[in-house]
Protein chains: 2
Amino acid sequence: MNALCFDKVLRFDDNYPEPKPEGDEVLIEVRMGGICATDLEIAKGYMDFTGVLGHEFVGMVVKGPRKWKQKRVVAQINCICGQCAMCQQGLSNHCRRRTVIGISGRDGVFADLIVVPERNLHEVPDGVSDEQAVFVEPLAAAFQVIKQCPIEKHMRVAVVGSGRLGLLVAQILRNTGCHLQVVGRNELTLNFCEKKRIQARRISELVPRGDNDVVVECSGAAEGFEMAMQLIRPRGTLILKSTYAEPASLNLSSIVVNEINLLGSRCGPFNEAIDALAYEQVDVESMISRQLPLSRGVEAFEMAADPRYIKILLKVGS
Amino acid sequence: MNALCFDKVLRFDDNYPEPKPEGDEVLIEVRMGGICATDLEIAKGYMDFTGVLGHEFVGMVVKGPRKWKQKRVVAQINCICGQCAMCQQGLSNHCRRRTVIGISGRDGVFADLIVVPERNLHEVPDGVSDEQAVFVEPLAAAFQVIKQCPIEKHMRVAVVGSGRLGLLVAQILRNTGCHLQVVGRNELTLNFCEKKRIQARRISELVPRGDNDVVVECSGAAEGFEMAMQLIRPRGTLILKSTYAEPASLNLSSIVVNEINLLGSRCGPFNEAIDALAYEQVDVESMISRQLPLSRGVEAFEMAADPRYIKILLKVGS
């Protein structure tokens with residue numbers, strides 16, 4: 001089958017072995033995949049991953065229990081054991097023995113076919129297009145921000161980084177009615193914010209006053225983290241959404257002196273993301289810059305790293 | 001008057017100008033001071049402080065409102081404006097215009113006389129000795145841990161660092177009845193833990209399993225922080241108590257992936273610390289290694305940095 005693989009280098013393979021479902025796994029024909037910053041980091045060596053890349057997708061179940069047959073689905077990326085202490089405590093996203101689709105120990109979605117545990121599936125409603133559905137996973141991750149840190153209307157909130165994830169987080173935060181500002185350096189994506197009724201500021205024009213109740217760091221860059229630390233008020237909550245390939249040098253003292261609450265945040269609730277798309281509370285389609293066939297995956301990765309584009313989708317199959 | 005001053009170097013000065021109380025300040029004769037890790041960091045350049053060092057003390061009010069005259073007192077170290085946004089929100093420890101005794105913009109307590117705002121004073125009950133009272137400030141900081149992160153009996157909690165602050169934090173945590181372990185490298189202080197019915201482990205003997213609900217980092221060292229990150233479970237709370245002169249290199253990704261809650265923690269409630277000493281819930285006197293006169297302050301600082309000693313006190317006045 002066709003697949004976009006990483007093993008020190010990224011390459012398109014038209015003869016990758018087809019996966020066979022085992023145990024409770026279903027076989028899915030991928031229709032569309034999305035490239036995110038984590039994919040770009042993995043292609044730089046993060047997680048020491050080798051195999052098929054990708055974890056954002058929408059596809060059609062072709063083999064599995066009758067109830068799922070020919071259903072259009074998305075899937076949560078953490079494949080869990082269901083038995084370890086984390087799973088028993090309801091924290092299965094942190095399963096000690098998990099594999100993660102296209103990230104850790106399991107092939108990803110940039111391929112004609114994938115296998116996924118049945119429990120990970122979510123059906124996509126008819127009203128949600130493939131182009132929207134491919135955003136369910138990152139949108140769920142964005143929803144995790146307000147799950148971990150409930151936002152109230154009176155709060156001042158800043159999003160650092162106006163990349164793909166930042167734009168999703170910003171739209172969800174806008175919907176809470178809080179006092180929101182997105183801080184970034186990309187003209188294209190800052191303009192996107194303005195169009196979506198979200199106040200946006202160039203990082204170079206900003207004089208941080210340390211007066212935000214909550215700051216969400218979505219830039220994945222050390223400078224972004226430093227800016228976030230300047231934007232947050234004492235006793236404020238700084239949410240880290242991005243994974244970084246490199247360790248950052250950090251002034252821990254200012255976390256202590258200002259009693260900052262630093263909160264790591266990863267995957268989130270799929271149901272809420274699907275609903276938000278179905279009810280058009282979040283506009284993801286305007287974020288799509290290009291759709292390329294899987295065979296042009298290497299080129300698509302280059303585009304995804306280019307600030308002139310926002311979201312790059314990969315079209316899989318016929 | 002006599003004072004222990006820092007201005008690029010630490011030196012004893014027997015002719016330092018006496019302070020004059022202004023506004024709501026009272027004049028206090030210092031009886032005893034305690035040297036802590038923050039003092040040692042400041043003497044290495046942290047905070048760019050110059051002036052009289054020290055913020056842990058017990059003294060006698062010699063000039064001020066009648067109700068305080070000849071009262072034996074300790075004092076909170078943040079001297080606040082009472083008017084800024086932080087003060088108005090009840091977060092006066094984070095006052096935007098604060099000075100901090102012996103740390104920022106205000107002379108410290110290693111001197112014959114000090115001036116302190118009246119609102120900062122707490123009377124020391126008769127049952128609490130000078131030697132105990134000098135621990136009120138760091139003990140209050142230790143209490144802040146359970147203020148910010150309520151501890152329940154079923155929880156697994158680790159303290160990294162068995163220094164002065166670690167031993168205070170550990171005693172408070174022991175009193176909650178949680179499953180507690182102190183991790184350190186100093187034989188002397190780990191033995192102190194064992195005597196106090198606190199399980200203690202040498203860092204070199206430990207195989208961290210990432211299964212602690214809460215970890216309190218009290219080592220102030222980058223390696224201590226790394227150990228804390230290995231001890232904490234996914235979704236656990238890592239409390240940072242120590243200030244660091246140097247930035248540490250930090251793997252932010254593991255905070256994100258494991259959704260760690262990193263919580264900076266600084267000053268705490270004096271009332272609870274005074275009560276804990278009055279009711280002998282915490283043993284601080286066994287932590288005192290030596291008491292030196294103020295004139296031997298430079299030597300006392302060297303001792304305080306020496307792992308063969310725990311707490312070094314400075315005796316002030318006659």
# chains A, B, ... in the order shown; residues from 1 in each chain; ligands from 1
$ calpha_fit_and_write --fixed "chain A" --moving "chain B" --output "compact mmCIF listing (two decimals) with C-alpha atoms, in the first residue's frame"
# COMPACT_ATOMS: atom_id res chain seq x y z
CA MET B 1 0.00 0.03 -0.02
CA ASN B 2 1.00 3.68 -0.12
CA ALA B 3 2.46 5.20 3.03
CA LEU B 4 4.48 8.19 4.17
CA CYS B 5 7.23 6.78 6.36
CA PHE B 6 9.93 8.13 8.59
CA ASP B 7 13.18 6.35 9.37
CA LYS B 8 15.80 9.06 9.79
CA VAL B 9 14.39 10.56 6.60
CA LEU B 10 10.84 11.09 5.44
CA ARG B 11 9.86 9.22 2.27
CA PHE B 12 6.84 8.08 0.32
CA ASP B 13 6.64 4.27 -0.01
CA ASP B 14 4.24 2.71 -2.55
CA ASN B 15 4.93 -0.80 -1.34
CA TYR B 16 4.52 -0.62 2.44
CA PRO B 17 3.06 -3.82 3.96
CA GLU B 18 -0.66 -3.63 4.68
CA PRO B 19 -1.59 -3.80 8.37
CA LYS B 20 -3.68 -6.73 9.66
CA PRO B 21 -6.16 -6.09 12.48
CA GLU B 22 -5.47 -8.05 15.68
CA GLY B 23 -7.62 -8.49 18.78
CA ASP B 24 -10.11 -5.66 19.03
CA GLU B 25 -8.64 -3.70 16.14
CA VAL B 26 -10.61 -2.56 13.10
CA LEU B 27 -9.23 -1.94 9.62
CA ILE B 28 -9.78 1.55 8.27
CA GLU B 29 -9.35 3.03 4.81
CA VAL B 30 -7.91 6.48 5.36
CA ARG B 31 -9.61 9.26 3.39
CA MET B 32 -7.71 12.27 4.60
CA GLY B 33 -4.92 13.15 7.03
CA GLY B 34 -3.69 16.40 8.60
CA ILE B 35 -0.11 17.43 9.28
CA CYS B 36 0.55 19.03 12.67
CA ALA B 37 3.56 20.41 14.53
CA THR B 38 4.11 17.12 16.35
CA ASP B 39 4.55 15.38 12.98
CA LEU B 40 7.13 17.99 12.03
CA GLU B 41 8.93 17.49 15.36
CA ILE B 42 8.87 13.71 14.90
CA ALA B 43 10.38 14.15 11.43
CA LYS B 44 13.18 16.05 13.23
CA GLY B 45 13.77 13.14 15.60
CA TYR B 46 11.36 13.74 18.49
CA MET B 47 10.21 10.48 20.16
CA ASP B 48 12.77 8.45 18.14
CA PHE B 49 9.84 7.25 16.08
CA THR B 50 10.17 5.12 12.97
CA GLY B 51 7.28 3.98 10.79
CA VAL B 52 4.24 5.54 9.15
CA LEU B 53 3.72 9.11 10.38
CA GLY B 54 0.48 10.94 11.14
CA HIS B 55 -2.30 10.82 13.74
CA GLU B 56 -4.95 13.26 12.48
CA PHE B 57 -7.31 11.55 10.03
CA VAL B 58 -10.77 10.64 8.87
CA GLY B 59 -11.46 7.26 7.31
CA MET B 60 -13.95 4.49 6.59
CA VAL B 61 -14.09 1.22 8.52
CA VAL B 62 -13.65 -1.65 6.05
CA LYS B 63 -13.18 -4.57 8.45
CA GLY B 64 -14.48 -4.88 12.01
CA PRO B 65 -17.66 -5.42 14.04
CA ARG B 66 -20.89 -5.03 12.05
CA LYS B 67 -21.88 -1.82 13.89
CA TRP B 68 -18.81 -0.03 12.55
CA LYS B 69 -18.80 -1.35 8.98
CA GLN B 70 -18.70 1.43 6.37
CA LYS B 71 -18.90 4.00 9.11
CA ARG B 72 -16.94 7.21 8.64
CA VAL B 73 -14.74 7.57 11.70
CA VAL B 74 -12.03 9.45 13.52
CA ALA B 75 -10.02 7.87 16.35
CA GLN B 76 -8.34 8.81 19.59
CA ILE B 77 -4.63 8.34 19.29
CA ASN B 78 -3.75 6.64 22.61
CA CYS B 79 -4.08 2.86 22.34
CA ILE B 80 -4.35 1.60 25.88
CA CYS B 81 -4.03 -1.60 27.95
CA GLY B 82 -7.09 -0.94 30.11
CA GLN B 83 -5.40 -2.64 33.08
CA CYS B 84 -2.54 -0.54 34.43
CA ALA B 85 -2.85 1.84 37.39
CA MET B 86 -3.41 4.80 35.09
CA CYS B 87 -6.19 3.07 33.13
CA GLN B 88 -7.80 1.93 36.39
CA GLN B 89 -7.80 5.52 37.65
CA GLY B 90 -9.60 6.77 34.55
CA LEU B 91 -6.42 8.34 33.20
CA SER B 92 -6.12 6.02 30.23
CA ASN B 93 -4.57 8.77 28.08
CA HIS B 94 -1.59 8.16 30.37
CA CYS B 95 -1.73 4.34 30.13
CA ARG B 96 1.70 2.99 31.13
CA ARG B 97 1.70 0.53 28.24
CA ARG B 98 0.11 2.72 25.59
CA THR B 99 1.08 2.97 21.99
CA VAL B 100 0.22 6.20 20.21
CA ILE B 101 -0.88 6.31 16.58
CA GLY B 102 1.96 7.65 14.45
CA ILE B 103 3.88 8.84 17.52
CA SER B 104 4.98 5.90 19.63
CA GLY B 105 5.12 2.17 18.92
CA ARG B 106 2.37 2.12 16.28
CA ASP B 107 2.10 3.06 12.62
CA GLY B 108 0.29 6.28 11.80
CA VAL B 109 -2.42 7.41 9.43
CA PHE B 110 -0.55 8.73 6.40
CA ALA B 111 -1.24 5.46 4.58
CA ASP B 112 -4.00 3.76 2.58
CA LEU B 113 -4.93 1.51 5.49
CA ILE B 114 -4.60 1.62 9.26
CA VAL B 115 -5.62 -0.56 12.18
CA VAL B 116 -7.06 1.03 15.33
CA PRO B 117 -8.61 -0.45 18.50
CA GLU B 118 -12.41 -0.36 18.28
CA ARG B 119 -12.67 1.51 21.61
CA ASN B 120 -10.79 4.44 20.05
CA LEU B 121 -13.38 5.08 17.31
CA HIS B 122 -15.79 7.98 17.09
CA GLU B 123 -18.36 8.15 14.28
CA VAL B 124 -18.39 11.34 12.24
CA PRO B 125 -21.90 12.81 11.80
CA ASP B 126 -23.09 13.41 8.22
CA GLY B 127 -23.07 17.17 8.68
CA VAL B 128 -19.32 17.18 9.29
CA SER B 129 -17.20 17.08 6.11
CA ASP B 130 -13.96 15.10 5.74
CA GLU B 131 -12.08 18.40 5.73
CA GLN B 132 -13.63 19.27 9.10
CA ALA B 133 -13.36 15.80 10.57
CA VAL B 134 -9.61 15.69 10.07
CA PHE B 135 -9.43 18.48 12.65
CA VAL B 136 -11.23 16.53 15.39
CA GLU B 137 -8.03 15.31 17.03
CA PRO B 138 -6.26 18.70 17.30
CA LEU B 139 -9.52 20.42 18.19
CA ALA B 140 -10.04 17.92 21.01
CA ALA B 141 -6.53 18.77 22.22
CA ALA B 142 -7.52 22.43 22.14
CA PHE B 143 -10.66 21.68 24.18
CA GLN B 144 -8.44 20.10 26.83
CA VAL B 145 -7.33 23.64 27.76
CA ILE B 146 -10.77 24.59 29.09
CA LYS B 147 -11.21 21.13 30.60
CA GLN B 148 -8.09 21.53 32.73
CA CYS B 149 -8.55 25.24 33.43
CA PRO B 150 -12.17 26.43 33.43
CA ILE B 151 -12.33 29.91 31.89
CA GLU B 152 -14.71 32.57 33.11
CA LYS B 153 -15.91 35.66 31.25
CA HIS B 154 -14.06 38.14 33.45
CA MET B 155 -10.69 36.49 32.83
CA ARG B 156 -7.85 37.93 30.77
CA VAL B 157 -6.44 35.16 28.61
CA ALA B 158 -3.57 35.20 26.12
CA VAL B 159 -2.63 32.62 23.52
CA VAL B 160 1.04 32.68 22.54
CA GLY B 161 1.58 31.35 19.02
CA SER B 162 -0.85 31.77 16.15
CA GLY B 163 -0.04 28.47 14.46
CA ARG B 164 -2.49 25.67 13.74
CA LEU B 165 -3.03 24.70 17.38
CA GLY B 166 -3.06 28.32 18.55
CA LEU B 167 -5.87 29.16 16.13
CA LEU B 168 -7.99 26.26 17.39
CA VAL B 169 -7.34 27.10 21.04
CA ALA B 170 -8.12 30.76 20.33
CA GLN B 171 -11.49 29.97 18.73
CA ILE B 172 -12.53 27.82 21.68
CA LEU B 173 -11.44 30.52 24.13
CA ARG B 174 -13.27 33.22 22.12
CA ASN B 175 -16.46 31.19 22.57
CA THR B 176 -16.12 31.41 26.38
CA GLY B 177 -16.51 35.20 26.18
CA CYS B 178 -13.28 35.90 28.08
CA HIS B 179 -10.95 38.85 27.35
CA LEU B 180 -8.75 37.16 24.79
CA GLN B 181 -5.62 38.16 22.95
CA VAL B 182 -3.54 36.09 20.54
CA VAL B 183 0.14 36.93 20.35
CA GLY B 184 2.14 35.77 17.36
CA ARG B 185 4.54 36.74 14.62
CA ASN B 186 2.79 35.44 11.53
CA GLU B 187 0.86 38.11 9.62
CA LEU B 188 -1.26 35.50 7.84
CA THR B 189 -2.51 33.77 10.95
CA LEU B 190 -2.90 36.99 12.97
CA ASN B 191 -5.17 38.23 10.17
CA PHE B 192 -7.11 34.99 10.42
CA CYS B 193 -7.70 35.81 14.11
CA GLU B 194 -8.98 39.30 13.35
CA LYS B 195 -11.43 37.85 10.83
CA LYS B 196 -12.66 35.49 13.52
CA ARG B 197 -13.28 38.37 15.98
CA ILE B 198 -10.20 37.54 18.03
CA GLN B 199 -7.87 40.35 19.09
CA ALA B 200 -4.41 39.64 17.69
CA ARG B 201 -1.07 41.32 18.40
CA ARG B 202 2.34 41.06 16.82
CA ILE B 203 4.83 39.85 19.41
CA SER B 204 7.22 42.65 18.36
CA GLU B 205 4.63 45.32 19.19
CA LEU B 206 3.71 43.94 22.57
CA VAL B 207 4.77 45.31 25.95
CA PRO B 208 3.87 42.44 28.28
CA ARG B 209 2.42 43.61 31.58
CA GLY B 210 2.18 40.33 33.48
CA ASP B 211 -1.55 40.76 33.88
CA ASN B 212 -3.13 37.72 32.22
CA ASP B 213 -4.98 35.26 34.42
CA VAL B 214 -4.32 32.46 31.96
CA VAL B 215 -1.77 32.10 29.16
CA VAL B 216 -1.78 29.21 26.71
CA GLU B 217 1.62 28.51 25.14
CA CYS B 218 1.06 27.09 21.64
CA SER B 219 4.24 28.27 19.89
CA GLY B 220 6.46 25.33 20.80
CA ALA B 221 9.40 27.75 20.82
CA ALA B 222 11.61 28.76 23.76
CA GLU B 223 10.95 32.45 22.99
CA GLY B 224 7.23 31.74 23.08
CA PHE B 225 7.61 30.25 26.52
CA GLU B 226 9.57 33.28 27.70
CA MET B 227 6.87 35.61 26.35
CA ALA B 228 4.21 33.51 28.09
CA MET B 229 6.11 33.94 31.38
CA GLN B 230 6.08 37.72 30.87
CA LEU B 231 2.36 37.78 30.05
CA ILE B 232 1.17 35.77 33.03
CA ARG B 233 0.22 37.44 36.30
CA PRO B 234 1.45 36.19 39.69
CA ARG B 235 -0.60 33.12 40.69
CA GLY B 236 -1.78 32.80 37.09
CA THR B 237 -2.07 29.57 35.11
CA LEU B 238 0.27 28.94 32.19
CA ILE B 239 -0.88 26.06 30.02
CA LEU B 240 1.72 24.31 27.89
CA LYS B 241 0.20 22.74 24.76
CA SER B 242 3.23 22.22 22.55
CA THR B 243 5.76 19.45 22.55
CA TYR B 244 9.35 20.44 21.95
CA ALA B 245 12.12 18.40 20.33
CA GLU B 246 14.77 20.26 22.33
CA PRO B 247 14.93 21.08 26.05
CA ALA B 248 14.47 24.76 26.81
CA SER B 249 16.46 26.77 29.28
CA LEU B 250 14.08 27.92 31.91
CA ASN B 251 14.23 30.36 34.79
CA LEU B 252 12.56 28.27 37.48
CA SER B 253 12.89 31.06 40.05
CA SER B 254 10.26 33.22 38.42
CA ILE B 255 7.82 30.28 38.57
CA VAL B 256 8.51 30.08 42.32
CA VAL B 257 8.55 33.81 43.08
CA ASN B 258 5.35 34.48 41.13
CA GLU B 259 3.78 31.18 42.23
CA ILE B 260 2.86 30.35 38.65
CA ASN B 261 0.77 27.28 37.95
CA LEU B 262 2.32 25.59 34.92
CA LEU B 263 -0.02 23.01 33.45
CA GLY B 264 0.96 20.49 30.79
CA SER B 265 -1.91 19.69 28.45
CA ARG B 266 -2.13 17.07 25.75
CA CYS B 267 -5.04 15.10 24.24
CA GLY B 268 -8.65 16.06 24.80
CA PRO B 269 -12.32 15.10 24.48
CA PHE B 270 -13.35 13.96 20.96
CA ASN B 271 -17.09 14.32 21.59
CA GLU B 272 -16.84 18.01 22.29
CA ALA B 273 -14.66 18.59 19.26
CA ILE B 274 -17.11 16.74 16.99
CA ASP B 275 -20.03 18.73 18.40
CA ALA B 276 -18.19 22.03 17.96
CA LEU B 277 -17.63 21.18 14.29
CA ALA B 278 -21.19 19.93 13.76
CA TYR B 279 -22.60 23.13 15.25
CA GLU B 280 -20.03 25.28 13.43
CA GLN B 281 -18.74 26.85 16.63
CA VAL B 282 -15.23 26.63 15.26
CA ASP B 283 -14.13 27.37 11.69
CA VAL B 284 -11.45 24.95 10.60
CA GLU B 285 -12.04 24.97 6.86
CA SER B 286 -10.64 28.49 6.43
CA MET B 287 -7.44 27.20 8.01
CA ILE B 288 -6.82 24.73 5.17
CA SER B 289 -4.15 26.12 2.86
CA ARG B 290 -3.62 23.14 0.56
CA GLN B 291 -4.71 19.55 0.00
CA LEU B 292 -2.09 17.30 -1.55
CA PRO B 293 -2.16 13.62 -2.50
CA LEU B 294 -0.30 11.25 -0.18
CA SER B 295 2.31 10.66 -2.89
CA ARG B 296 3.38 14.30 -2.45
CA GLY B 297 3.68 13.88 1.32
CA VAL B 298 7.31 14.97 1.56
CA GLU B 299 6.45 18.22 -0.20
CA ALA B 300 3.39 18.59 2.02
CA PHE B 301 5.62 18.38 5.12
CA GLU B 302 7.80 21.19 3.75
CA MET B 303 4.68 23.30 3.19
CA ALA B 304 3.42 22.56 6.70
CA ALA B 305 6.69 24.00 8.05
CA ASP B 306 6.38 27.11 5.87
CA PRO B 307 4.73 30.13 7.56
CA ARG B 308 2.98 31.05 4.30
CA TYR B 309 0.64 28.10 4.82
CA ILE B 310 -1.58 27.15 7.73
CA LYS B 311 -3.03 23.64 7.55
CA ILE B 312 -1.88 21.13 4.94
CA LEU B 313 -4.07 18.07 4.36
CA LEU B 314 -3.09 14.83 2.69
CA LYS B 315 -5.67 13.17 0.46
CA VAL B 316 -5.42 9.42 0.64
CA GLY B 317 -6.84 6.76 -1.70
CA SER B 318 -8.69 7.35 -4.93
$ select_by_dssp --residues "range 8-211 of chain B" --states "strand (DSSP E)" --output "ChimeraX atom specification"
/B:9-13,25-34,51-52,56-63,72-75,78-79,99-100,113-117,121-123,156-160,179-184,199-202
$ select_by_dssp --residues "range 8-178 of chain A" --states "helix (DSSP H, G or I)" --output "ChimeraX atom specification"
/A:37-42,46-48,66-68,85-88,92-94,118-120,130-133,136-148,164-176
